[in-house]
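A.B. asks: First the structure, then my questions, so here it is.
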Amino acid sequence: MIHQLVSVKQVPDTTNIRIDPETGSLIRKGVPAILNPYDAHAVAAAAEWKQKLGGRITIITMGPSAAEDALRECIEMGADRGILISDRKFAGSDTLATSYVLAEAIRAIHAEDPLDLVLFGKQAIDGDTAQVGPGAAVRLGWPLVTYAVKIREIDPDTGYTLVERRTEAGVEVIKTPLPSVLTCEKEIAEIPYASLPQLIASLQYEPERWTAEEPVAYDTAQIGLKGSPTWVAKTGTPEQHQPGETIDVSEAGVKRAVEDVIDKMLANNSVVSILEG
Amino acid sequence: MTRRFWVFLEQTSGVLHPVAGELLGVACRLTTEIADELEEAGEEAIVEGVLVGHEVTDLAQQAMQFGAARVYVVDNPSCKHYLNRPYTEVLTTLVRKYKPEVFLIGATTLGRDLAGAVATSLGTGLTADCTRLEMGTARKSPKKLLLATRPAFGGNVIATIVCDDRQPQMATVRPRVFDMPPCATQVSGEVIHETVEITPDMLAAEVVEVIADEASRVDIEYADVIVSGGKGLGNPEGFQLIKELADELGGVVGASRAAVDGGWISYPHQVGQTGKTVRPKLYIAAGISGAIQHKVGMQDSDFILAINSDPNAPIFEVATVGIVGDLYDVIPTMIETLRARKGAAA
């Protein structure tokens, strides 16, 4: 029996985001909010290990009321308890403040029902910072394994887990004591198909709601804008490039098109050096 | 007062990561951007490197060639291989002692693991994956601040982030985003040895095995030629053709997120916002539509050839030259033509 916690985030589906060409601002309308994909795989990994070893999975998320949907999705995958940490006082929190909020919540849950493993997705697809998981680990004082691709073993008796993480050089196998914090790649586990009872349970599930006061009394100096050392000074849209020439095979024929392109490559100083070198 | 600009000198097995050189170049430029303030206040700015490992002191010399005026070296057997907690301990200890104003770290696997932990320990701000860094004024700050610009929302938005009331102002930058500065042959600089105590509890997580993986070793960041494939390949076997063209050009294989998500090729090949930033001399995008998240990772390549059957594919917006056509016609013809030309030249 093990107690696992997964910290998740609801994010706009960035693959569907469009920019208003007139104003240059994000068009959020109609953009679906989804469970951050990396987090979904982390939940799937927790569900796999719950099946193997038994135990409970607690999910926490920080966000607006709509984020309850992300929690229900986790329940559908096999989580037992979902907590929405939501308060207007949290608005404007950067990664430092967010890691404080999550770490304090994890500490409170751990005090009640000791945790063996805490999982995060490797990053959220809206911010792509990959900072919150490491930040929470530091605050908890628990070992951190980032870029986890496989949990080989969890042994609650000896109190260790063996985790594979990917680095530029290959795969490192890390032996780390429980509880540890992992940030997960998608390979950590396949998203399971929900069973009918799980699906029904998730639809009826009412997540718990935590605020900035209850049950954790947060230090207001460490949350929201006040607790966030970084702020956005300016936003804009990426630079537009001047498109180059295109050659249409249906007009020029494939042979001509390719010959033309190779000539153009050879006329370019940096390319010619590699083609002829 | 001395305003310190720090760069983390990432090394693995005694080899300095090129991103350390790139960041030293950036740090040197940042100090020139506050020259007016320095003169007015009678202050100086200094670029310093931080080197952590075991028996790595020799690398300090290389850092000086790229612009470090001083290198702090922490040599400890416990730091021979990277582990988050001891390295975090070392960096936070040194930061508390020397109080740098700016601290730059490469956004590698190691650097991102480390930077988040260090910034949280110090309670300071950190901006990840910056694509532009400059010193400038913001809000009411009397001094110029680090203006850290990065893509967000999958590359759809560019945001400039500042951290005005805490120090150091930290940022991570991916390899290849900035140019390598010129390497000086004659250098002078100072090496300062520091000792930081690593206690056994910091070594609780340990590396028990390293499995070198061919796929993970694909070094696409520093390749001169990259041939990338996307969903337009239609099937995973399409990457054999991509590989054949890459081999012909002496290059490596890249991929779009769609191809990686589809399980057609492994993640280390992925180019883009959630993959790697590349800047080869020649980038060929075959069957890649050119979602913004892909473009932000490759648009600074010297020469971009896009091959796509859809004339409206956004990839053509960043291409130097585009071929509208079926990649299964174009690429074999290209391989053939390259071979024929090579044969004729020989």
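If you're wondering about the labels, chains in the structure tokens are A, B, ... by order shown, residues count from 1 in each chain, ligands from 1 in order shown.
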So that each row is one residue of chain B with an atom at most 7 Å from chain A, can you give its shortest atom pair and the distance in Å to one decimal, using only C-alpha atoms, rows by chain and rising number, as CSV?
C.D. replies:
residue,atom,partner,partner_atom,distance
B:Thr109,CA,A:Thr167,CA,6.0
B:Asp113,CA,A:Thr146,CA,6.4
B:Gly116,CA,A:Gln131,CA,4.8
B:Ala117,CA,A:Gly135,CA,5.3
B:Thr120,CA,A:Gly135,CA,5.3
B:Ser121,CA,A:Val138,CA,6.7
B:Thr124,CA,A:Pro229,CA,6.2
B:Gly125,CA,A:Pro229,CA,5.1
B:Ala128,CA,A:Thr129,CA,5.4
B:Ala152,CA,A:Gly127,CA,5.4
B:Phe153,CA,A:Asp126,CA,4.4
B:Gly154,CA,A:Thr14,CA,5.5
B:Asn156,CA,A:Thr237,CA,6.5
B:Val157,CA,A:Thr237,CA,5.0
B:Ile158,CA,A:Gly236,CA,5.1
B:Ala159,CA,A:Thr235,CA,4.3
B:Thr160,CA,A:Lys234,CA,5.1
B:Ile161,CA,A:Val232,CA,4.5
B:Val162,CA,A:Thr230,CA,5.5
B:Cys163,CA,A:Thr230,CA,4.4
B:Asp165,CA,A:Pro229,CA,6.7
B:Arg166,CA,A:Pro229,CA,6.5
B:Ala204,CA,A:Thr176,CA,6.3
B:Ala205,CA,A:Thr176,CA,4.2
B:Glu206,CA,A:Lys175,CA,5.4
B:Val207,CA,A:Ile174,CA,4.5
B:Val208,CA,A:Val173,CA,5.6
B:Glu209,CA,A:Val173,CA,5.0
B:Val210,CA,A:Glu172,CA,4.5
B:Ile211,CA,A:Val171,CA,5.0
B:Ala212,CA,A:Gly170,CA,4.4
B:Asp213,CA,A:Gly170,CA,4.5
B:Ser216,CA,A:Gly170,CA,5.2
B:Arg217,CA,A:Ala169,CA,5.7
B:Leu249,CA,A:Leu275,CA,6.7
B:Lys281,CA,A:Ser270,CA,5.8
B:Leu282,CA,A:Val271,CA,6.1
B:Phe316,CA,A:Pro243,CA,6.3
B:Glu317,CA,A:Pro243,CA,4.4
B:Val318,CA,A:Pro243,CA,5.5
B:Ala319,CA,A:Gly244,CA,5.7
B:Thr320,CA,A:Gly244,CA,4.6
B:Val321,CA,A:Glu245,CA,5.1
B:Gly322,CA,A:Thr246,CA,4.2
B:Ile323,CA,A:Ile247,CA,4.9
B:Val324,CA,A:Asp248,CA,4.6
B:Gly325,CA,A:Val249,CA,5.2
B:Asp329,CA,A:Val254,CA,7.0
B:Val330,CA,A:Val254,CA,6.1
B:Thr333,CA,A:Lys255,CA,6.7
B:Met334,CA,A:Val258,CA,5.8
A.B. asks: Kindly save the residues from that selection, with C-alpha atoms included, as a compact mmCIF listing (two decimals), in the first residue's frame.
C.D. replies:
# COMPACT_ATOMS: atom_id res chain seq x y z
CA THR B 109 18.61 18.76 -18.87
CA ASP B 113 17.00 20.54 -13.10
CA GLY B 116 14.63 25.71 -10.52
CA ALA B 117 16.02 24.27 -7.32
CA THR B 120 13.61 28.41 -5.08
CA SER B 121 16.25 27.95 -2.40
CA THR B 124 14.46 34.64 -6.29
CA GLY B 125 12.98 34.87 -9.77
CA ALA B 128 13.34 29.76 -18.36
CA ALA B 152 5.17 31.19 -24.04
CA PHE B 153 1.91 29.49 -24.98
CA GLY B 154 3.65 27.16 -27.35
CA ASN B 156 2.41 32.01 -29.83
CA VAL B 157 3.42 34.81 -27.48
CA ILE B 158 6.76 36.44 -26.68
CA ALA B 159 6.97 37.74 -23.12
CA THR B 160 9.60 39.93 -21.50
CA ILE B 161 10.02 39.07 -17.85
CA VAL B 162 11.80 41.02 -15.14
CA CYS B 163 12.66 40.39 -11.52
CA ASP B 165 13.32 43.30 -6.09
CA ARG B 166 15.30 40.13 -5.56
CA ALA B 204 20.37 10.35 -0.56
CA ALA B 205 19.43 10.09 -4.24
CA GLU B 206 22.19 8.31 -6.12
CA VAL B 207 22.89 7.31 -9.70
CA VAL B 208 23.21 3.51 -9.67
CA GLU B 209 23.55 2.93 -13.40
CA VAL B 210 23.95 4.86 -16.63
CA ILE B 211 22.63 3.30 -19.82
CA ALA B 212 24.16 5.07 -22.80
CA ASP B 213 21.45 5.32 -25.40
CA SER B 216 19.58 10.07 -26.74
CA ARG B 217 23.00 10.86 -28.10
CA LEU B 249 24.38 15.63 -46.64
CA LYS B 281 23.69 25.89 -41.66
CA LEU B 282 21.10 23.88 -43.56
CA PHE B 316 6.96 28.34 -46.08
CA GLU B 317 6.80 31.60 -44.09
CA VAL B 318 10.22 30.92 -42.60
CA ALA B 319 11.74 28.99 -45.50
CA THR B 320 14.58 30.39 -47.55
CA VAL B 321 13.33 28.26 -50.41
CA GLY B 322 10.26 26.07 -50.60
CA ILE B 323 9.28 23.20 -52.84
CA VAL B 324 5.56 22.59 -53.17
CA GLY B 325 5.30 18.92 -53.99
CA ASP B 329 9.08 12.50 -55.30
CA VAL B 330 11.27 15.38 -54.21
CA THR B 333 15.25 13.06 -56.77
CA MET B 334 17.30 15.23 -54.48
A.B. asks: Determine, counting only C-alpha atoms, which protein, DNA and RNA residues have an atom within 9 Å of an atom of segment 70-82 of chain A; residues of the same chain fewer than 2 positions away are not included. Present the result as a PyMOL selection string.
C.D. replies: chain A and resi 8-10+33-36+40+43-44+46-48+50+56-61+66-68+84+191-195+197-209
A.B. asks: DSSP on the backbone: which residues in segment 184-269 of chain B end up as alpha helix (DSSP H)? Give the answer as a ChimeraX atom specification.
C.D. replies: /B:238-248,257-261
A.B. asks: Write the residues of the selection above to a file with N, CA and C atoms, as a tab-separated table (two decimals), in the first residue's frame.
C.D. replies:
chain	number	residue	atom	x	y	z
B	238	GLY	N	8.79	6.51	-43.20
B	238	GLY	CA	9.25	7.68	-43.93
B	238	GLY	C	10.57	8.23	-43.41
B	239	PHE	N	10.84	7.96	-42.12
B	239	PHE	CA	12.09	8.47	-41.56
B	239	PHE	C	13.33	7.80	-42.15
B	240	GLN	N	13.14	6.62	-42.80
B	240	GLN	CA	14.28	6.01	-43.48
B	240	GLN	C	14.75	6.88	-44.64
B	241	LEU	N	13.77	7.43	-45.35
B	241	LEU	CA	14.10	8.33	-46.46
B	241	LEU	C	14.76	9.62	-45.94
B	242	ILE	N	14.22	10.12	-44.83
B	242	ILE	CA	14.79	11.31	-44.19
B	242	ILE	C	16.24	11.05	-43.81
B	243	LYS	N	16.47	9.87	-43.25
B	243	LYS	CA	17.81	9.49	-42.81
B	243	LYS	C	18.75	9.38	-44.01
B	244	GLU	N	18.24	8.85	-45.11
B	244	GLU	CA	19.07	8.69	-46.30
B	244	GLU	C	19.54	10.05	-46.83
B	245	LEU	N	18.62	11.01	-46.84
B	245	LEU	CA	19.00	12.36	-47.29
B	245	LEU	C	19.97	13.00	-46.28
B	246	ALA	N	19.70	12.81	-45.01
B	246	ALA	CA	20.59	13.35	-43.98
B	246	ALA	C	22.00	12.78	-44.13
B	247	ASP	N	22.08	11.47	-44.35
B	247	ASP	CA	23.39	10.83	-44.53
B	247	ASP	C	24.10	11.39	-45.75
B	248	GLU	N	23.36	11.60	-46.83
B	248	GLU	CA	23.94	12.12	-48.06
B	248	GLU	C	24.55	13.50	-47.82
B	257	ARG	N	7.02	17.84	-33.48
B	257	ARG	CA	6.38	17.27	-32.30
B	257	ARG	C	5.34	16.22	-32.69
B	258	ALA	N	4.64	16.48	-33.79
B	258	ALA	CA	3.60	15.54	-34.22
B	258	ALA	C	4.19	14.16	-34.49
B	259	ALA	N	5.36	14.15	-35.14
B	259	ALA	CA	5.99	12.86	-35.46
B	259	ALA	C	6.45	12.15	-34.19
B	260	VAL	N	6.95	12.93	-33.21
B	260	VAL	CA	7.42	12.34	-31.96
B	260	VAL	C	6.22	11.86	-31.12
B	261	ASP	N	5.19	12.70	-31.05
B	261	ASP	CA	3.99	12.31	-30.31
B	261	ASP	C	3.35	11.06	-30.89
A.B. asks: Write out as a list in words the residues lying within 8 Å of Arg70 of chain B, counting only C-alpha atoms and excluding same-chain residues fewer than 2 positions away.
C.D. replies: Val47, Glu48, Gly49, Met64, Ala68, Tyr72, Gly189, Glu190, Val191 and Ile192 of chain B
A.B. asks: Need the shell around Glu214 of chain A: protein/DNA/RNA residues with any atom at most 12 Å away, counting only C-alpha atoms. Skip same-chain ones fewer than 2 positions apart. Format as an mmCIF file with N, CA and C atoms, in the first residue's frame?
C.D. replies:
data_model
loop_
_atom_site.group_PDB
_atom_site.id
_atom_site.type_symbol
_atom_site.label_atom_id
_atom_site.label_comp_id
_atom_site.auth_asym_id
_atom_site.auth_seq_id
_atom_site.Cartn_x
_atom_site.Cartn_y
_atom_site.Cartn_z
ATOM 1 N N LEU A 84 -8.896 20.931 -5.139
ATOM 2 C CA LEU A 84 -8.697 22.165 -5.892
ATOM 3 C C LEU A 84 -8.263 23.255 -4.918
ATOM 4 N N ILE A 85 -7.094 23.804 -5.154
ATOM 5 C CA ILE A 85 -6.606 24.889 -4.300
ATOM 6 C C ILE A 85 -6.892 26.172 -5.064
ATOM 7 N N SER A 86 -7.863 26.898 -4.583
ATOM 8 C CA SER A 86 -8.362 28.016 -5.387
ATOM 9 C C SER A 86 -8.707 29.203 -4.506
ATOM 10 N N ASP A 87 -8.176 30.341 -4.881
ATOM 11 C CA ASP A 87 -8.454 31.552 -4.118
ATOM 12 C C ASP A 87 -7.991 32.732 -4.963
ATOM 13 N N GLU A 104 3.237 23.553 0.394
ATOM 14 C CA GLU A 104 2.558 23.614 1.697
ATOM 15 C C GLU A 104 1.350 22.676 1.718
ATOM 16 N N ALA A 105 0.653 22.591 0.595
ATOM 17 C CA ALA A 105 -0.493 21.669 0.515
ATOM 18 C C ALA A 105 0.005 20.230 0.646
ATOM 19 N N ALA A 108 0.830 19.409 4.180
ATOM 20 C CA ALA A 108 -0.364 19.194 5.010
ATOM 21 C C ALA A 108 -0.955 17.797 4.767
ATOM 22 N N GLU A 208 -12.599 18.372 -3.408
ATOM 23 C CA GLU A 208 -12.498 19.222 -2.208
ATOM 24 C C GLU A 208 -11.979 20.583 -2.629
ATOM 25 N N ARG A 209 -12.339 21.595 -1.861
ATOM 26 C CA ARG A 209 -11.812 22.933 -2.184
ATOM 27 C C ARG A 209 -11.024 23.472 -1.009
ATOM 28 N N TRP A 210 -9.801 23.858 -1.313
ATOM 29 C CA TRP A 210 -8.964 24.497 -0.308
ATOM 30 C C TRP A 210 -8.785 25.975 -0.705
ATOM 31 N N THR A 211 -8.697 26.825 0.306
ATOM 32 C CA THR A 211 -8.504 28.256 0.019
ATOM 33 C C THR A 211 -7.139 28.713 0.550
ATOM 34 N N ALA A 212 -6.923 29.990 0.496
ATOM 35 C CA ALA A 212 -5.657 30.526 1.012
ATOM 36 C C ALA A 212 -5.628 30.517 2.540
ATOM 37 N N VAL A 216 -4.815 25.108 4.949
ATOM 38 C CA VAL A 216 -3.469 25.666 5.115
ATOM 39 C C VAL A 216 -3.613 27.185 5.188
ATOM 40 N N ALA A 217 -3.058 27.779 6.218
ATOM 41 C CA ALA A 217 -3.084 29.246 6.308
ATOM 42 C C ALA A 217 -1.817 29.758 5.633
ATOM 43 N N TYR A 218 -1.986 30.211 4.392
ATOM 44 C CA TYR A 218 -0.810 30.648 3.630
ATOM 45 C C TYR A 218 -0.338 32.022 4.071
ATOM 46 N N ASP A 219 0.963 32.214 4.000
ATOM 47 C CA ASP A 219 1.566 33.512 4.276
ATOM 48 C C ASP A 219 1.296 34.402 3.058
#
A.B. asks: What are the DSSP strand (DSSP E or B) residues of segment 5-89 of chain B, as an MDAnalysis selection string?
C.D. replies: chainID B and resid 5:8 11:12 15:16 44:53 70:75
A.B. asks: Pick the closest to Thr220 of chain A from A:Asp263, A:Lys89, A:Glu190, A:Asp113: which is it, counting only C-alpha atoms?
C.D. replies: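 Counting only C-alpha atoms, the residue closest to Thr220 of chain A is A:Lys89.
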A.B. asks: Could you please determine the separation between atom CA of Lys276 of chain B and atom CA of Ser228 of chain B in Å, to one decimal place?
C.D. replies: 12.3 Å
